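**Student:** Take a look at this one; I'll ask things after.
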Amino acid sequence: MNKFISLVAAIAFTMIGCSDSKTSADNASSDASANAAVSNVATSKATAQNAVQANSAEAPIVEGTKTVKLANGASVTWIQDNEGKKLMPRELFSDASDSLYASLNMPAGIPASVSTFLVKVDSKYILFDAGLGTWGGQLAKRLDALNVNPDSIGLVYLTHFHADHIAGLVKNGTAGKMEKVFKNAAVYAGKVEYDAWMNDIPKNDLQKNIMALYKDSLHLFAFGDSLPHGVLAMDAVGHTPGHTAFQISNLLVIGDLMHGYALQKNHPEINSNYDMDKEKSAASRKRIMQYARDNKLLMAGMHLPPPGFAE
């Protein structure tokens with residue numbers, strides 16, 4: 001077994017984040033129960049789908065993608081990085097009472113996804129997060145189907161450093177060495193997040209190796225910074241020490257602000273067990289969701305149910 005696959009396997013086993021690994025609840029759920037759960041979020045999904053129907057024909061029709069036109073003339077394409085259906089199990093939300101969870105009528109789990117978002121603005125491509133990579137990621141396949149060469153992506157913005165958001169930055173190269181997937185991309189990461197993973201958080205080999213590989217094209221930013229193409233970096237800490245949301249035009253990329261949309265959209269005080277600082281995570285969720293409502297923004301979330309958008 002080569003070094004790269006061994007490294008990713010080790011990180012997958014130990015990572016704190018919200019991976020696409022199979023849980024016992026996932027294994028127990030049948031297609032029928034999954035379909036029943038999905039039907040219970042039809043109303044919330046319909047809101048997002050209504051928002052993405054107009055002027056969305058720029059990209060080819062590709063399974064696991066949805067393209068939306070933004071107010072500034074740019075387009076954003078949701079890309080589902082996980083394969084098949086994904087349900088977040090009840091045990092992930094230990095903050096929720098049994099009665100609250102039961103009121104959702106989703107015994108098989110809450111519909112979700114592992115997603116990335118591709119923005120095309122000023123004829124340039126920007127990628128928000130890079131997904132699972134060799135650990136089951138579908139990003140490379142989806143980009144190919146969309147006729148987007150990874151070499152044409154000029155910017156990658158990272159919401160945080162959990163493996164299901166950064167593993168797609170790399171691939172297995174010759175002699176088992178890790179190689180860049182996005183050879184021409186500048187990678188933007190929050191300085192708070194970077195410093196925490198480089199210095200304080202254990203079991204960080206994957207994070208350190210990826211950041212070292214991209215060191216010549218790595219740019220660290222502070223919350224509130226205005227970044228290339230009018231992207232605003234926003235404080236969304238709690239899920240991780242430097243978890244970041246990004247605004248571009250009327251799009252708000254919220255990263256892992258919500259893992260169980262059907263539950264947390266009305267109960268932002270409920271955390272997932274993946275949130276490293278629950279108090280800060282709940283505060284960020286409330287603040288950013290209110291900001292999105294006040295400014296009539298379309299939210300794009302890495303674990304929102306397909307098609308990855310919510311108002």
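Ordered as shown in the structure tokens, chains take letters A, B, and onward, while each chain numbers its residues from 1 and ligands are numbered from 1 in the order shown.
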Can you check which residues of region 75-297 of chain A DSSP gives as helix (DSSP H, G or I) on the backbone and send them as a PyMOL selection string?

**Tutor:** chain A and resi 90-92+98-102+139-145+150-152+163-169+174-176+191-199+205-213+215-217+228-230+261-264+278-294

**Student:** Env of region 247-261 of chain A: 7 Å cut, atoms = only C-alpha atoms, seq-sep filter 4 positions within chain, self excluded. Answer as a PyMOL selection string.

**Tutor:** chain A and resi 70-72+88+110+112+159+230-233+239+265+272+285+297-304

**Student:** Smallest atom-to-atom distance to Ile288 (chain A): which of A:Glu91, A:Asp235, A:Glu83, A:Asp225, using only C-alpha atoms?

**Tutor:**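 Using only C-alpha atoms, the shortest distance to Ile288 (chain A) belongs to A:Asp235.
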
**Student:** Please report the interatomic distance between CA of Val187 (chain A) and CA of Lys215 (chain A) in Å with one decimal.

**Tutor:** 8.9 Å

**Student:** So which one's closest to Leu206 (chain A), A:Val119, A:Leu220, A:Ala96, A:Met178? Using only C-alpha atoms, please.

**Tutor:**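 Of the candidates, the smallest distance to Leu206 (chain A) is held by A:Met178.
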
**Student:** Give me, as an mmCIF file with N, CA and C atoms, in the first residue's frame, all polymer residues having an atom no more than 8 Å from Ser284 (chain A), counting only C-alpha atoms and skipping those fewer than 2 positions away in the same chain.

**Tutor:**
```cif
data_model
loop_
_atom_site.group_PDB
_atom_site.id
_atom_site.type_symbol
_atom_site.label_atom_id
_atom_site.label_comp_id
_atom_site.auth_asym_id
_atom_site.auth_seq_id
_atom_site.Cartn_x
_atom_site.Cartn_y
_atom_site.Cartn_z
ATOM 1 N N ASP A 235 -16.362 35.419 9.853
ATOM 2 C CA ASP A 235 -16.166 34.614 11.058
ATOM 3 C C ASP A 235 -17.348 33.660 11.240
ATOM 4 N N ALA A 236 -17.070 32.352 11.213
ATOM 5 C CA ALA A 236 -18.094 31.335 11.469
ATOM 6 C C ALA A 236 -17.539 30.283 12.421
ATOM 7 N N VAL A 237 -16.722 30.702 13.368
ATOM 8 C CA VAL A 237 -15.982 29.769 14.207
ATOM 9 C C VAL A 237 -16.907 28.953 15.100
ATOM 10 N N GLY A 238 -16.406 27.820 15.524
ATOM 11 C CA GLY A 238 -17.137 26.926 16.400
ATOM 12 C C GLY A 238 -17.032 25.502 15.919
ATOM 13 N N LEU A 257 -21.730 24.894 8.723
ATOM 14 C CA LEU A 257 -22.567 25.563 9.713
ATOM 15 C C LEU A 257 -23.726 24.665 10.143
ATOM 16 N N LYS A 280 -19.725 28.343 20.627
ATOM 17 C CA LYS A 280 -19.395 29.239 19.521
ATOM 18 C C LYS A 280 -20.087 28.814 18.234
ATOM 19 N N SER A 281 -20.217 27.509 18.031
ATOM 20 C CA SER A 281 -20.864 27.016 16.819
ATOM 21 C C SER A 281 -22.321 27.454 16.772
ATOM 22 N N ALA A 282 -23.049 27.320 17.870
ATOM 23 C CA ALA A 282 -24.453 27.733 17.915
ATOM 24 C C ALA A 282 -24.575 29.236 17.699
ATOM 25 N N LYS A 286 -26.612 30.990 14.512
ATOM 26 C CA LYS A 286 -27.700 31.959 14.676
ATOM 27 C C LYS A 286 -27.380 33.270 13.953
ATOM 28 N N ARG A 287 -26.159 33.743 14.144
ATOM 29 C CA ARG A 287 -25.766 35.040 13.576
ATOM 30 C C ARG A 287 -25.745 35.000 12.048
ATOM 31 N N ILE A 288 -25.181 33.952 11.486
ATOM 32 C CA ILE A 288 -25.031 33.895 10.033
ATOM 33 C C ILE A 288 -26.354 33.601 9.346
#
```

**Student:** Which residues are close to Ala140 (chain A), i.e. within 10 Å by only C-alpha atoms, leaving aside same-chain residues fewer than 2 positions away? Reply as a VMD selection string.

**Tutor:** chain A and resid 81 130 to 131 133 to 134 137 to 138 142 to 146 148 to 150 168 181

**Student:** Using only C-alpha atoms, can you tell me which of A:Ala163, A:Ile270, A:Gln290, A:Leu155 comes closest to Asp205 (chain A)?

**Tutor:**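 That would be A:Ala163, the residue with the smallest distance to Asp205 (chain A).
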
**Student:** Just to confirm, what's the straight-line distance from CA of Gly154 (chain A) to CA of Asn184 (chain A) in Å (one decimal)?

**Tutor:** 5.8 Å

**Student:** Could you tell me which of A:Leu92, A:Ala185, A:Ala108, A:Ala245 comes closest to Ala292 (chain A) if we count only C-alpha atoms?

**Tutor:**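 For Ala292 (chain A), the nearest of the given residues is A:Ala245.
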